[in-house]
Amino acid sequence: SSTGIPFHRIMWSADTDLYHSYGDRYDHDLFFSGVTRPEQTENVRERVLSQMDRLSDYRLKINIRSHKNNYIGKIYSPKEYAKLLASSKICFVTTGPADIVGPRYFEVMAGNKGLVLCNRIPDVYQDILVEDSNCVMFSCVDEFFEKAEYYLEHEQERVKIVNRAYEIFIICQTWKHRSLEILNIIKKYLPNKKG
């Protein structure tokens with residue numbers, strides 16, 4: 001950076017007291033929630049939303065607050081939201097403004113139930129999200145629908161990625177891991193006291 005001040009990127013995580021499995025039942029095949037903004041990731045959320053009839057044979061839970069309707073829509077309580085994630089086979093997740101990898105990715109993984117289906121931006125995700133390991137990625141709207149249908153029809157493959165995502169989350173992506181990461185960064189800048 002031009003200021004000479006070091007910058008460290010710390011990811012979000014999820015509250016495992018809230019985001020966990022709520023049983024074996026799936027009420028939804030696809031969960032799609034949040035807001036749409038034309039400036040955000042080439043308006044991919046709105047473009048997917050406009051074609052959701054392509055998945056009309058599946059059980060969809062759509063709760064979108066769109067720029068087109070002045071962001072009117074339901075805002076769930078934290079527990080309602082956690083239960084929706086945990087009762088959905090696939091959760092459509094995209095980066096936020098300025099390509100922020102928000103909490104929803106980690107909330108889905110913490111529940112060990114839903115598959116993260118997200119936009120493909122490898123430089124942004126770095127090693128946090130690895131395609132076909134702890135998530136499934138798409139580059140265009142057609143690929144989104146192809147991947148959604150494929151993983152809804154191939155349950156064993158979906159569950160394998162879901163379980164791997166949960167294992168990775170528990171091993172290195174919880175708030176405890178994030179806290180330790182911050183502490184280790186701070187320690188690098190503290191004077192080394194001996195004796």
# chains A, B, ... in the order shown; residues from 1 in each chain; ligands from 1
$ residues_around --residues "Val48 (chain A)" --least-positions-apart "3" --cutoff "10 Å" --atoms "only C-alpha atoms" --output "PDB file with all heavy atoms, in the first residue's frame"
ATOM      1  N   PHE A  32     -32.562 -18.880  -1.850  1.00  0.00           N
ATOM      2  CA  PHE A  32     -32.031 -17.699  -2.523  1.00  0.00           C
ATOM      3  C   PHE A  32     -32.592 -16.488  -1.781  1.00  0.00           C
ATOM      4  O   PHE A  32     -33.778 -16.208  -1.843  1.00  0.00           O
ATOM      5  CB  PHE A  32     -32.465 -17.729  -3.987  1.00  0.00           C
ATOM      6  CG  PHE A  32     -32.023 -16.580  -4.857  1.00  0.00           C
ATOM      7  CD1 PHE A  32     -31.140 -15.604  -4.423  1.00  0.00           C
ATOM      8  CD2 PHE A  32     -32.499 -16.492  -6.150  1.00  0.00           C
ATOM      9  CE1 PHE A  32     -30.752 -14.564  -5.248  1.00  0.00           C
ATOM     10  CE2 PHE A  32     -32.114 -15.458  -6.994  1.00  0.00           C
ATOM     11  CZ  PHE A  32     -31.241 -14.495  -6.540  1.00  0.00           C
ATOM     12  N   ASN A  43     -24.679  -7.638 -11.668  1.00  0.00           N
ATOM     13  CA  ASN A  43     -26.104  -7.862 -11.432  1.00  0.00           C
ATOM     14  C   ASN A  43     -26.501  -9.334 -11.587  1.00  0.00           C
ATOM     15  O   ASN A  43     -27.622  -9.662 -11.990  1.00  0.00           O
ATOM     16  CB  ASN A  43     -26.953  -6.980 -12.358  1.00  0.00           C
ATOM     17  CG  ASN A  43     -28.326  -6.704 -11.788  1.00  0.00           C
ATOM     18  OD1 ASN A  43     -28.569  -6.849 -10.597  1.00  0.00           O
ATOM     19  ND2 ASN A  43     -29.242  -6.301 -12.640  1.00  0.00           N
ATOM     20  N   VAL A  44     -25.611 -10.244 -11.245  1.00  0.00           N
ATOM     21  CA  VAL A  44     -25.865 -11.680 -11.450  1.00  0.00           C
ATOM     22  C   VAL A  44     -27.065 -12.163 -10.643  1.00  0.00           C
ATOM     23  O   VAL A  44     -27.837 -13.003 -11.110  1.00  0.00           O
ATOM     24  CB  VAL A  44     -24.609 -12.536 -11.158  1.00  0.00           C
ATOM     25  CG1 VAL A  44     -24.256 -12.539  -9.682  1.00  0.00           C
ATOM     26  CG2 VAL A  44     -24.804 -13.953 -11.668  1.00  0.00           C
ATOM     27  N   ARG A  45     -27.271 -11.615  -9.454  1.00  0.00           N
ATOM     28  CA  ARG A  45     -28.402 -12.074  -8.634  1.00  0.00           C
ATOM     29  C   ARG A  45     -29.738 -11.766  -9.318  1.00  0.00           C
ATOM     30  O   ARG A  45     -30.634 -12.600  -9.364  1.00  0.00           O
ATOM     31  CB  ARG A  45     -28.319 -11.467  -7.247  1.00  0.00           C
ATOM     32  CG  ARG A  45     -27.109 -11.965  -6.466  1.00  0.00           C
ATOM     33  CD  ARG A  45     -26.894 -11.201  -5.173  1.00  0.00           C
ATOM     34  NE  ARG A  45     -27.953 -11.402  -4.221  1.00  0.00           N
ATOM     35  CZ  ARG A  45     -28.115 -12.484  -3.459  1.00  0.00           C
ATOM     36  NH1 ARG A  45     -27.231 -13.471  -3.543  1.00  0.00           N
ATOM     37  NH2 ARG A  45     -29.112 -12.584  -2.621  1.00  0.00           N
ATOM     38  N   GLN A  51     -34.818 -15.615 -14.140  1.00  0.00           N
ATOM     39  CA  GLN A  51     -34.980 -16.884 -14.862  1.00  0.00           C
ATOM     40  C   GLN A  51     -35.278 -18.065 -13.933  1.00  0.00           C
ATOM     41  O   GLN A  51     -35.126 -19.229 -14.324  1.00  0.00           O
ATOM     42  CB  GLN A  51     -33.719 -17.179 -15.670  1.00  0.00           C
ATOM     43  CG  GLN A  51     -33.434 -16.151 -16.745  1.00  0.00           C
ATOM     44  CD  GLN A  51     -32.203 -16.514 -17.552  1.00  0.00           C
ATOM     45  OE1 GLN A  51     -31.994 -17.669 -17.913  1.00  0.00           O
ATOM     46  NE2 GLN A  51     -31.368 -15.516 -17.835  1.00  0.00           N
ATOM     47  N   MET A  52     -35.715 -17.784 -12.708  1.00  0.00           N
ATOM     48  CA  MET A  52     -35.936 -18.862 -11.747  1.00  0.00           C
ATOM     49  C   MET A  52     -37.002 -19.858 -12.189  1.00  0.00           C
ATOM     50  O   MET A  52     -37.052 -20.976 -11.673  1.00  0.00           O
ATOM     51  CB  MET A  52     -36.295 -18.284 -10.369  1.00  0.00           C
ATOM     52  CG  MET A  52     -35.106 -17.671  -9.644  1.00  0.00           C
ATOM     53  SD  MET A  52     -33.668 -18.750  -9.505  1.00  0.00           S
ATOM     54  CE  MET A  52     -34.218 -19.905  -8.277  1.00  0.00           C
ATOM     55  N   ASP A  53     -37.813 -19.502 -13.181  1.00  0.00           N
ATOM     56  CA  ASP A  53     -38.788 -20.461 -13.695  1.00  0.00           C
ATOM     57  C   ASP A  53     -38.111 -21.690 -14.293  1.00  0.00           C
ATOM     58  O   ASP A  53     -38.727 -22.741 -14.448  1.00  0.00           O
ATOM     59  CB  ASP A  53     -39.717 -19.801 -14.713  1.00  0.00           C
ATOM     60  CG  ASP A  53     -38.974 -19.250 -15.923  1.00  0.00           C
ATOM     61  OD1 ASP A  53     -37.814 -18.832 -15.788  1.00  0.00           O
ATOM     62  OD2 ASP A  53     -39.570 -19.252 -17.019  1.00  0.00           O
ATOM     63  N   ARG A  54     -36.816 -21.593 -14.582  1.00  0.00           N
ATOM     64  CA  ARG A  54     -36.069 -22.744 -15.098  1.00  0.00           C
ATOM     65  C   ARG A  54     -35.968 -23.860 -14.062  1.00  0.00           C
ATOM     66  O   ARG A  54     -35.669 -24.999 -14.396  1.00  0.00           O
ATOM     67  CB  ARG A  54     -34.669 -22.307 -15.548  1.00  0.00           C
ATOM     68  CG  ARG A  54     -34.714 -21.393 -16.768  1.00  0.00           C
ATOM     69  CD  ARG A  54     -33.383 -20.769 -17.086  1.00  0.00           C
ATOM     70  NE  ARG A  54     -32.387 -21.731 -17.536  1.00  0.00           N
ATOM     71  CZ  ARG A  54     -31.187 -21.383 -18.015  1.00  0.00           C
ATOM     72  NH1 ARG A  54     -30.855 -20.095 -18.114  1.00  0.00           N
ATOM     73  NH2 ARG A  54     -30.325 -22.300 -18.396  1.00  0.00           N
ATOM     74  N   PHE A  92     -27.752 -20.424  -2.746  1.00  0.00           N
ATOM     75  CA  PHE A  92     -27.144 -19.532  -3.731  1.00  0.00           C
ATOM     76  C   PHE A  92     -26.503 -18.370  -2.967  1.00  0.00           C
ATOM     77  O   PHE A  92     -27.177 -17.641  -2.250  1.00  0.00           O
ATOM     78  CB  PHE A  92     -28.225 -19.044  -4.691  1.00  0.00           C
ATOM     79  CG  PHE A  92     -27.785 -18.026  -5.701  1.00  0.00           C
ATOM     80  CD1 PHE A  92     -26.500 -18.020  -6.215  1.00  0.00           C
ATOM     81  CD2 PHE A  92     -28.670 -17.079  -6.169  1.00  0.00           C
ATOM     82  CE1 PHE A  92     -26.106 -17.086  -7.164  1.00  0.00           C
ATOM     83  CE2 PHE A  92     -28.298 -16.138  -7.120  1.00  0.00           C
ATOM     84  CZ  PHE A  92     -27.016 -16.140  -7.615  1.00  0.00           C
ATOM     85  N   CYS A 140     -21.573 -18.011 -15.285  1.00  0.00           N
ATOM     86  CA  CYS A 140     -22.645 -17.316 -16.001  1.00  0.00           C
ATOM     87  C   CYS A 140     -23.980 -17.888 -15.534  1.00  0.00           C
ATOM     88  O   CYS A 140     -24.033 -18.915 -14.855  1.00  0.00           O
ATOM     89  CB  CYS A 140     -22.469 -17.471 -17.508  1.00  0.00           C
ATOM     90  SG  CYS A 140     -22.632 -19.169 -18.086  1.00  0.00           S
ATOM     91  N   VAL A 141     -25.049 -17.231 -15.913  1.00  0.00           N
ATOM     92  CA  VAL A 141     -26.383 -17.641 -15.479  1.00  0.00           C
ATOM     93  C   VAL A 141     -26.710 -19.061 -15.943  1.00  0.00           C
ATOM     94  O   VAL A 141     -27.233 -19.867 -15.164  1.00  0.00           O
ATOM     95  CB  VAL A 141     -27.439 -16.625 -15.973  1.00  0.00           C
ATOM     96  CG1 VAL A 141     -28.844 -17.121 -15.696  1.00  0.00           C
ATOM     97  CG2 VAL A 141     -27.209 -15.274 -15.309  1.00  0.00           C
ATOM     98  N   ASP A 142     -26.395 -19.388 -17.182  1.00  0.00           N
ATOM     99  CA  ASP A 142     -26.670 -20.748 -17.665  1.00  0.00           C
ATOM    100  C   ASP A 142     -25.943 -21.793 -16.828  1.00  0.00           C
ATOM    101  O   ASP A 142     -26.503 -22.840 -16.498  1.00  0.00           O
ATOM    102  CB  ASP A 142     -26.283 -20.889 -19.143  1.00  0.00           C
ATOM    103  CG  ASP A 142     -27.278 -20.199 -20.073  1.00  0.00           C
ATOM    104  OD1 ASP A 142     -28.436 -19.978 -19.668  1.00  0.00           O
ATOM    105  OD2 ASP A 142     -26.888 -19.887 -21.210  1.00  0.00           O
ATOM    106  N   PHE A 144     -25.045 -21.479 -13.723  1.00  0.00           N
ATOM    107  CA  PHE A 144     -25.725 -21.548 -12.424  1.00  0.00           C
ATOM    108  C   PHE A 144     -26.844 -22.580 -12.474  1.00  0.00           C
ATOM    109  O   PHE A 144     -26.936 -23.455 -11.608  1.00  0.00           O
ATOM    110  CB  PHE A 144     -26.302 -20.177 -12.029  1.00  0.00           C
ATOM    111  CG  PHE A 144     -27.274 -20.266 -10.890  1.00  0.00           C
ATOM    112  CD1 PHE A 144     -26.833 -20.283  -9.585  1.00  0.00           C
ATOM    113  CD2 PHE A 144     -28.641 -20.369 -11.132  1.00  0.00           C
ATOM    114  CE1 PHE A 144     -27.739 -20.400  -8.528  1.00  0.00           C
ATOM    115  CE2 PHE A 144     -29.552 -20.489 -10.091  1.00  0.00           C
ATOM    116  CZ  PHE A 144     -29.093 -20.497  -8.785  1.00  0.00           C
ATOM    117  N   PHE A 145     -27.709 -22.481 -13.478  1.00  0.00           N
ATOM    118  CA  PHE A 145     -28.846 -23.395 -13.564  1.00  0.00           C
ATOM    119  C   PHE A 145     -28.395 -24.828 -13.853  1.00  0.00           C
ATOM    120  O   PHE A 145     -28.954 -25.781 -13.301  1.00  0.00           O
ATOM    121  CB  PHE A 145     -29.861 -22.905 -14.603  1.00  0.00           C
ATOM    122  CG  PHE A 145     -30.635 -21.712 -14.107  1.00  0.00           C
ATOM    123  CD1 PHE A 145     -30.343 -20.438 -14.578  1.00  0.00           C
ATOM    124  CD2 PHE A 145     -31.630 -21.854 -13.154  1.00  0.00           C
ATOM    125  CE1 PHE A 145     -31.040 -19.334 -14.107  1.00  0.00           C
ATOM    126  CE2 PHE A 145     -32.332 -20.757 -12.674  1.00  0.00           C
ATOM    127  CZ  PHE A 145     -32.037 -19.492 -13.154  1.00  0.00           C
TER     128      PHE A 145
END
$ select_by_dssp --residues "region 71-131 of chain A" --states "helix (DSSP H, G or I)" --output "short mmCIF file (atom, residue, chain, number, x, y, z; two decimals) with N, CA and C atoms, in the first residue's frame"
data_model
loop_
_atom_site.label_atom_id
_atom_site.label_comp_id
_atom_site.auth_asym_id
_atom_site.auth_seq_id
_atom_site.Cartn_x
_atom_site.Cartn_y
_atom_site.Cartn_z
N PRO A 78 -32.54 -14.16 13.27
CA PRO A 78 -31.36 -15.02 13.11
C PRO A 78 -31.68 -16.51 13.16
N LYS A 79 -32.55 -16.93 14.07
CA LYS A 79 -32.87 -18.36 14.18
C LYS A 79 -33.67 -18.84 12.96
N GLU A 80 -34.65 -18.04 12.51
CA GLU A 80 -35.41 -18.41 11.30
C GLU A 80 -34.47 -18.59 10.11
N TYR A 81 -33.56 -17.64 9.98
CA TYR A 81 -32.61 -17.66 8.87
C TYR A 81 -31.71 -18.90 8.95
N ALA A 82 -31.19 -19.19 10.14
CA ALA A 82 -30.33 -20.37 10.32
C ALA A 82 -31.08 -21.65 9.96
N LYS A 83 -32.33 -21.74 10.36
CA LYS A 83 -33.13 -22.93 10.05
C LYS A 83 -33.41 -23.04 8.56
N LEU A 84 -33.60 -21.91 7.88
CA LEU A 84 -33.81 -21.95 6.43
C LEU A 84 -32.56 -22.48 5.73
N LEU A 85 -31.40 -22.00 6.14
CA LEU A 85 -30.16 -22.49 5.54
C LEU A 85 -30.01 -23.99 5.78
N ALA A 86 -30.35 -24.43 6.99
CA ALA A 86 -30.16 -25.83 7.37
C ALA A 86 -31.24 -26.75 6.80
N PRO A 97 -20.81 -6.25 -1.99
CA PRO A 97 -20.15 -5.07 -2.55
C PRO A 97 -18.64 -5.16 -2.34
N ALA A 98 -17.89 -4.70 -3.31
CA ALA A 98 -16.42 -4.73 -3.27
C ALA A 98 -15.90 -6.17 -3.14
N ASP A 99 -16.67 -7.15 -3.65
CA ASP A 99 -16.28 -8.56 -3.63
C ASP A 99 -16.05 -9.11 -2.22
N PRO A 103 -20.56 -13.43 5.53
CA PRO A 103 -20.82 -14.51 6.49
C PRO A 103 -21.66 -15.67 5.94
N ARG A 104 -22.53 -15.42 4.96
CA ARG A 104 -23.44 -16.47 4.51
C ARG A 104 -22.69 -17.72 4.04
N TYR A 105 -21.56 -17.56 3.39
CA TYR A 105 -20.77 -18.72 2.96
C TYR A 105 -20.49 -19.63 4.15
N PHE A 106 -20.04 -19.03 5.24
CA PHE A 106 -19.63 -19.78 6.43
C PHE A 106 -20.84 -20.31 7.20
N GLU A 107 -21.93 -19.54 7.19
CA GLU A 107 -23.16 -19.99 7.85
C GLU A 107 -23.71 -21.23 7.18
N VAL A 108 -23.65 -21.29 5.87
CA VAL A 108 -24.11 -22.48 5.14
C VAL A 108 -23.19 -23.66 5.47
N MET A 109 -21.89 -23.45 5.42
CA MET A 109 -20.96 -24.55 5.70
C MET A 109 -21.08 -25.05 7.13
N ALA A 110 -21.32 -24.16 8.08
CA ALA A 110 -21.43 -24.54 9.49
C ALA A 110 -22.63 -25.44 9.75
N GLY A 111 -23.67 -25.32 8.91
CA GLY A 111 -24.87 -26.13 9.09
C GLY A 111 -24.74 -27.57 8.62
N PRO A 122 -11.97 -16.70 -8.33
CA PRO A 122 -10.89 -17.36 -7.58
C PRO A 122 -9.96 -16.41 -6.82
N ASP A 123 -9.60 -15.28 -7.41
CA ASP A 123 -8.68 -14.36 -6.72
C ASP A 123 -9.28 -13.82 -5.44
N VAL A 124 -10.59 -13.67 -5.42
CA VAL A 124 -11.27 -13.15 -4.23
C VAL A 124 -11.36 -14.23 -3.16
N TYR A 125 -11.68 -15.44 -3.55
CA TYR A 125 -11.85 -16.53 -2.59
C TYR A 125 -10.53 -17.08 -2.06
#
$ select_by_dssp --residues "chain A" --states "strand (DSSP E)" --output "compact mmCIF listing (two decimals) with all heavy atoms, in the first residue's frame"
# COMPACT_ATOMS: atom_id res chain seq x y z
N HIS A 28 -36.50 -27.29 1.38
CA HIS A 28 -36.26 -26.54 0.14
C HIS A 28 -35.11 -27.17 -0.64
O HIS A 28 -34.14 -27.61 -0.06
CB HIS A 28 -35.91 -25.08 0.46
CG HIS A 28 -36.80 -24.47 1.49
ND1 HIS A 28 -38.12 -24.16 1.24
CD2 HIS A 28 -36.59 -24.15 2.78
CE1 HIS A 28 -38.67 -23.67 2.33
NE2 HIS A 28 -37.76 -23.65 3.27
N ASP A 29 -35.26 -27.15 -1.95
CA ASP A 29 -34.16 -27.59 -2.81
C ASP A 29 -33.15 -26.47 -3.01
O ASP A 29 -31.95 -26.72 -3.04
CB ASP A 29 -34.70 -28.07 -4.16
CG ASP A 29 -35.53 -29.33 -4.03
OD1 ASP A 29 -35.11 -30.23 -3.29
OD2 ASP A 29 -36.59 -29.41 -4.68
N LEU A 30 -33.65 -25.23 -3.11
CA LEU A 30 -32.77 -24.09 -3.33
C LEU A 30 -33.22 -22.92 -2.48
O LEU A 30 -34.41 -22.58 -2.47
CB LEU A 30 -32.77 -23.67 -4.81
CG LEU A 30 -31.89 -22.46 -5.12
CD1 LEU A 30 -30.42 -22.86 -5.23
CD2 LEU A 30 -32.33 -21.78 -6.41
N PHE A 31 -32.28 -22.33 -1.78
CA PHE A 31 -32.53 -21.13 -0.97
C PHE A 31 -31.82 -19.96 -1.62
O PHE A 31 -30.63 -20.03 -1.91
CB PHE A 31 -32.01 -21.35 0.46
CG PHE A 31 -32.19 -20.17 1.36
CD1 PHE A 31 -33.45 -19.80 1.80
CD2 PHE A 31 -31.10 -19.44 1.80
CE1 PHE A 31 -33.63 -18.71 2.64
CE2 PHE A 31 -31.26 -18.35 2.64
CZ PHE A 31 -32.52 -17.98 3.07
N PHE A 32 -32.56 -18.88 -1.85
CA PHE A 32 -32.03 -17.70 -2.52
C PHE A 32 -32.59 -16.49 -1.78
O PHE A 32 -33.78 -16.21 -1.84
CB PHE A 32 -32.46 -17.73 -3.99
CG PHE A 32 -32.02 -16.58 -4.86
CD1 PHE A 32 -31.14 -15.60 -4.42
CD2 PHE A 32 -32.50 -16.49 -6.15
CE1 PHE A 32 -30.75 -14.56 -5.25
CE2 PHE A 32 -32.11 -15.46 -6.99
CZ PHE A 32 -31.24 -14.50 -6.54
N SER A 33 -31.74 -15.81 -1.05
CA SER A 33 -32.18 -14.70 -0.22
C SER A 33 -31.19 -13.56 -0.31
O SER A 33 -30.05 -13.74 -0.74
CB SER A 33 -32.31 -15.19 1.24
OG SER A 33 -32.80 -14.17 2.07
N GLY A 34 -31.63 -12.38 0.10
CA GLY A 34 -30.74 -11.23 0.13
C GLY A 34 -31.26 -10.10 -0.75
O GLY A 34 -32.45 -9.99 -0.99
N VAL A 35 -30.34 -9.29 -1.22
CA VAL A 35 -30.71 -8.14 -2.03
C VAL A 35 -30.07 -8.24 -3.41
O VAL A 35 -29.09 -8.95 -3.60
CB VAL A 35 -30.29 -6.80 -1.38
CG1 VAL A 35 -30.98 -6.60 -0.04
CG2 VAL A 35 -28.79 -6.72 -1.21
N THR A 36 -30.65 -7.51 -4.36
CA THR A 36 -30.04 -7.39 -5.68
C THR A 36 -29.64 -5.93 -5.88
O THR A 36 -30.36 -5.03 -5.46
CB THR A 36 -30.99 -7.81 -6.82
OG1 THR A 36 -32.10 -6.91 -6.85
CG2 THR A 36 -31.48 -9.23 -6.64
N LEU A 60 -38.42 -24.19 -4.18
CA LEU A 60 -37.56 -23.01 -4.05
C LEU A 60 -38.01 -22.15 -2.87
O LEU A 60 -39.21 -21.98 -2.64
CB LEU A 60 -37.63 -22.17 -5.33
CG LEU A 60 -37.37 -22.90 -6.65
CD1 LEU A 60 -37.53 -21.94 -7.82
CD2 LEU A 60 -35.99 -23.54 -6.66
N LYS A 61 -37.06 -21.60 -2.16
CA LYS A 61 -37.34 -20.61 -1.12
C LYS A 61 -36.63 -19.33 -1.56
O LYS A 61 -35.41 -19.22 -1.46
CB LYS A 61 -36.84 -21.08 0.25
CG LYS A 61 -37.10 -20.09 1.36
CD LYS A 61 -38.59 -19.89 1.56
CE LYS A 61 -38.86 -18.98 2.74
NZ LYS A 61 -40.28 -18.68 2.87
N ILE A 62 -37.40 -18.40 -2.08
CA ILE A 62 -36.83 -17.16 -2.61
C ILE A 62 -37.33 -15.99 -1.77
O ILE A 62 -38.54 -15.81 -1.60
CB ILE A 62 -37.21 -16.97 -4.09
CG1 ILE A 62 -36.68 -18.15 -4.91
CG2 ILE A 62 -36.67 -15.65 -4.61
CD1 ILE A 62 -37.15 -18.16 -6.34
N ASN A 63 -36.41 -15.24 -1.24
CA ASN A 63 -36.74 -14.05 -0.46
C ASN A 63 -35.76 -12.95 -0.86
O ASN A 63 -34.75 -12.74 -0.20
CB ASN A 63 -36.65 -14.33 1.04
CG ASN A 63 -37.04 -13.11 1.85
OD1 ASN A 63 -38.10 -12.54 1.65
ND2 ASN A 63 -36.16 -12.68 2.74
N ILE A 64 -36.07 -12.31 -1.95
CA ILE A 64 -35.17 -11.29 -2.49
C ILE A 64 -35.76 -9.91 -2.27
O ILE A 64 -36.93 -9.67 -2.51
CB ILE A 64 -34.94 -11.52 -4.00
CG1 ILE A 64 -34.13 -12.79 -4.21
CG2 ILE A 64 -34.26 -10.34 -4.65
CD1 ILE A 64 -32.73 -12.73 -3.65
N ARG A 65 -34.90 -9.02 -1.80
CA ARG A 65 -35.25 -7.60 -1.72
C ARG A 65 -34.51 -6.93 -2.87
O ARG A 65 -33.30 -6.82 -2.85
CB ARG A 65 -34.86 -7.05 -0.35
CG ARG A 65 -35.67 -7.70 0.76
CD ARG A 65 -35.40 -7.17 2.14
NE ARG A 65 -34.01 -7.01 2.50
CZ ARG A 65 -33.20 -7.99 2.90
NH1 ARG A 65 -33.66 -9.22 2.97
NH2 ARG A 65 -31.96 -7.74 3.22
N SER A 66 -35.27 -6.52 -3.86
CA SER A 66 -34.68 -6.04 -5.11
C SER A 66 -34.64 -4.51 -5.18
O SER A 66 -35.51 -3.82 -4.65
CB SER A 66 -35.52 -6.57 -6.28
OG SER A 66 -35.09 -6.00 -7.50
N SER A 88 -32.19 -26.41 3.49
CA SER A 88 -32.10 -26.21 2.04
C SER A 88 -30.93 -27.01 1.47
O SER A 88 -29.83 -26.97 2.02
CB SER A 88 -31.90 -24.73 1.73
OG SER A 88 -32.97 -23.98 2.27
N LYS A 89 -31.16 -27.71 0.37
CA LYS A 89 -30.11 -28.53 -0.23
C LYS A 89 -29.02 -27.70 -0.88
O LYS A 89 -27.85 -28.05 -0.84
CB LYS A 89 -30.72 -29.49 -1.26
CG LYS A 89 -31.55 -30.58 -0.64
CD LYS A 89 -32.00 -31.57 -1.69
CE LYS A 89 -32.71 -32.74 -1.03
NZ LYS A 89 -33.05 -33.79 -2.00
N ILE A 90 -29.42 -26.61 -1.52
CA ILE A 90 -28.45 -25.71 -2.16
C ILE A 90 -28.74 -24.29 -1.72
O ILE A 90 -29.91 -23.88 -1.66
CB ILE A 90 -28.54 -25.79 -3.70
CG1 ILE A 90 -28.12 -27.18 -4.19
CG2 ILE A 90 -27.69 -24.72 -4.36
CD1 ILE A 90 -28.24 -27.38 -5.70
N CYS A 91 -27.71 -23.54 -1.41
CA CYS A 91 -27.84 -22.13 -1.05
C CYS A 91 -27.05 -21.31 -2.05
O CYS A 91 -25.84 -21.50 -2.21
CB CYS A 91 -27.34 -21.89 0.37
SG CYS A 91 -28.31 -22.77 1.61
N PHE A 92 -27.75 -20.42 -2.75
CA PHE A 92 -27.14 -19.53 -3.73
C PHE A 92 -26.50 -18.37 -2.97
O PHE A 92 -27.18 -17.64 -2.25
CB PHE A 92 -28.23 -19.04 -4.69
CG PHE A 92 -27.79 -18.03 -5.70
CD1 PHE A 92 -26.50 -18.02 -6.22
CD2 PHE A 92 -28.67 -17.08 -6.17
CE1 PHE A 92 -26.11 -17.09 -7.16
CE2 PHE A 92 -28.30 -16.14 -7.12
CZ PHE A 92 -27.02 -16.14 -7.62
N VAL A 93 -25.19 -18.24 -3.10
CA VAL A 93 -24.44 -17.22 -2.37
C VAL A 93 -23.54 -16.48 -3.36
O VAL A 93 -22.89 -17.11 -4.20
CB VAL A 93 -23.56 -17.86 -1.27
CG1 VAL A 93 -22.94 -16.79 -0.39
CG2 VAL A 93 -24.36 -18.85 -0.43
N LEU A 115 -25.40 -27.02 0.17
CA LEU A 115 -24.27 -26.85 -0.73
C LEU A 115 -24.16 -25.36 -1.09
O LEU A 115 -25.15 -24.74 -1.48
CB LEU A 115 -24.51 -27.66 -2.00
CG LEU A 115 -23.50 -27.51 -3.14
CD1 LEU A 115 -22.18 -28.16 -2.77
CD2 LEU A 115 -24.06 -28.11 -4.41
N VAL A 116 -22.98 -24.80 -0.96
CA VAL A 116 -22.72 -23.43 -1.39
C VAL A 116 -22.57 -23.43 -2.92
O VAL A 116 -21.68 -24.09 -3.45
CB VAL A 116 -21.45 -22.85 -0.74
CG1 VAL A 116 -21.08 -21.50 -1.37
CG2 VAL A 116 -21.62 -22.71 0.77
N LEU A 117 -23.46 -22.70 -3.60
CA LEU A 117 -23.37 -22.50 -5.04
C LEU A 117 -23.09 -21.02 -5.24
O LEU A 117 -23.95 -20.19 -4.94
CB LEU A 117 -24.66 -22.92 -5.74
CG LEU A 117 -24.75 -22.73 -7.26
CD1 LEU A 117 -23.60 -23.41 -7.99
CD2 LEU A 117 -26.09 -23.23 -7.79
N CYS A 118 -21.88 -20.68 -5.68
CA CYS A 118 -21.45 -19.28 -5.69
C CYS A 118 -20.80 -18.88 -7.01
O CYS A 118 -20.39 -19.72 -7.79
CB CYS A 118 -20.49 -19.02 -4.54
SG CYS A 118 -18.98 -20.01 -4.58
N ASN A 119 -20.71 -17.58 -7.19
CA ASN A 119 -20.07 -17.04 -8.38
C ASN A 119 -18.57 -17.32 -8.35
O ASN A 119 -17.95 -17.34 -7.29
CB ASN A 119 -20.36 -15.54 -8.53
CG ASN A 119 -20.07 -14.73 -7.28
OD1 ASN A 119 -20.23 -15.19 -6.15
ND2 ASN A 119 -19.67 -13.50 -7.46
N VAL A 136 -19.50 -25.23 -4.99
CA VAL A 136 -19.63 -25.37 -6.43
C VAL A 136 -19.75 -23.95 -6.98
O VAL A 136 -20.43 -23.11 -6.41
CB VAL A 136 -20.87 -26.21 -6.79
CG1 VAL A 136 -21.12 -26.21 -8.28
CG2 VAL A 136 -20.71 -27.62 -6.28
N MET A 137 -19.06 -23.68 -8.09
CA MET A 137 -19.02 -22.32 -8.64
C MET A 137 -19.60 -22.28 -10.05
O MET A 137 -19.64 -23.28 -10.75
CB MET A 137 -17.58 -21.81 -8.67
CG MET A 137 -16.95 -21.66 -7.32
SD MET A 137 -15.28 -20.96 -7.44
CE MET A 137 -14.76 -21.05 -5.73
N PHE A 138 -20.03 -21.07 -10.42
CA PHE A 138 -20.54 -20.83 -11.77
C PHE A 138 -19.98 -19.50 -12.28
O PHE A 138 -19.67 -18.60 -11.50
CB PHE A 138 -22.07 -20.80 -11.79
CG PHE A 138 -22.67 -19.65 -11.02
CD1 PHE A 138 -22.95 -18.45 -11.66
CD2 PHE A 138 -22.92 -19.77 -9.66
CE1 PHE A 138 -23.49 -17.39 -10.95
CE2 PHE A 138 -23.45 -18.72 -8.95
CZ PHE A 138 -23.74 -17.51 -9.60
$ closest_residue --among "A:Trp12, A:Tyr58, A:Tyr26, A:Tyr166" --to "Cys135 (chain A)" --atoms "only C-alpha atoms"
A:Tyr166
$ residues_around --residues "Phe7 (chain A)" --least-positions-apart "3" --cutoff "12 Å" --atoms "only C-alpha atoms" --output "PyMOL selection string"
chain A and resi 1-4+10+182+185-186
$ closest_residue --among "A:Leu183, A:Met11, A:Glu46, A:Gly23" --to "Leu129 (chain A)" --atoms "only C-alpha atoms"
A:Met11
$ atom_distance --atom1 "CA of Arg9 (chain A)" --atom2 "CA of Thr94 (chain A)"
18.4 Å
$ atom_distance --atom1 "CA of Asp17 (chain A)" --atom2 "CA of Lys74 (chain A)"
23.3 Å
$ atom_distance --atom1 "CA of His177 (chain A)" --atom2 "CA of Ile161 (chain A)"
21.5 Å
$ decode --residues "region 151-158 of chain A" --atoms "C-alpha atoms" --output "short mmCIF file (atom, residue, chain, number, x, y, z; two decimals), in the first residue's frame"
data_model
loop_
_atom_site.label_atom_id
_atom_site.label_comp_id
_atom_site.auth_asym_id
_atom_site.auth_seq_id
_atom_site.Cartn_x
_atom_site.Cartn_y
_atom_site.Cartn_z
CA TYR A 151 -26.46 -31.31 -7.79
CA LEU A 152 -30.17 -31.60 -7.05
CA GLU A 153 -30.20 -34.74 -9.18
CA HIS A 154 -26.90 -36.17 -7.84
CA GLU A 155 -27.39 -36.32 -4.09
CA GLN A 156 -24.26 -38.33 -3.23
CA GLU A 157 -22.02 -35.81 -4.99
CA ARG A 158 -23.83 -32.91 -3.32
#
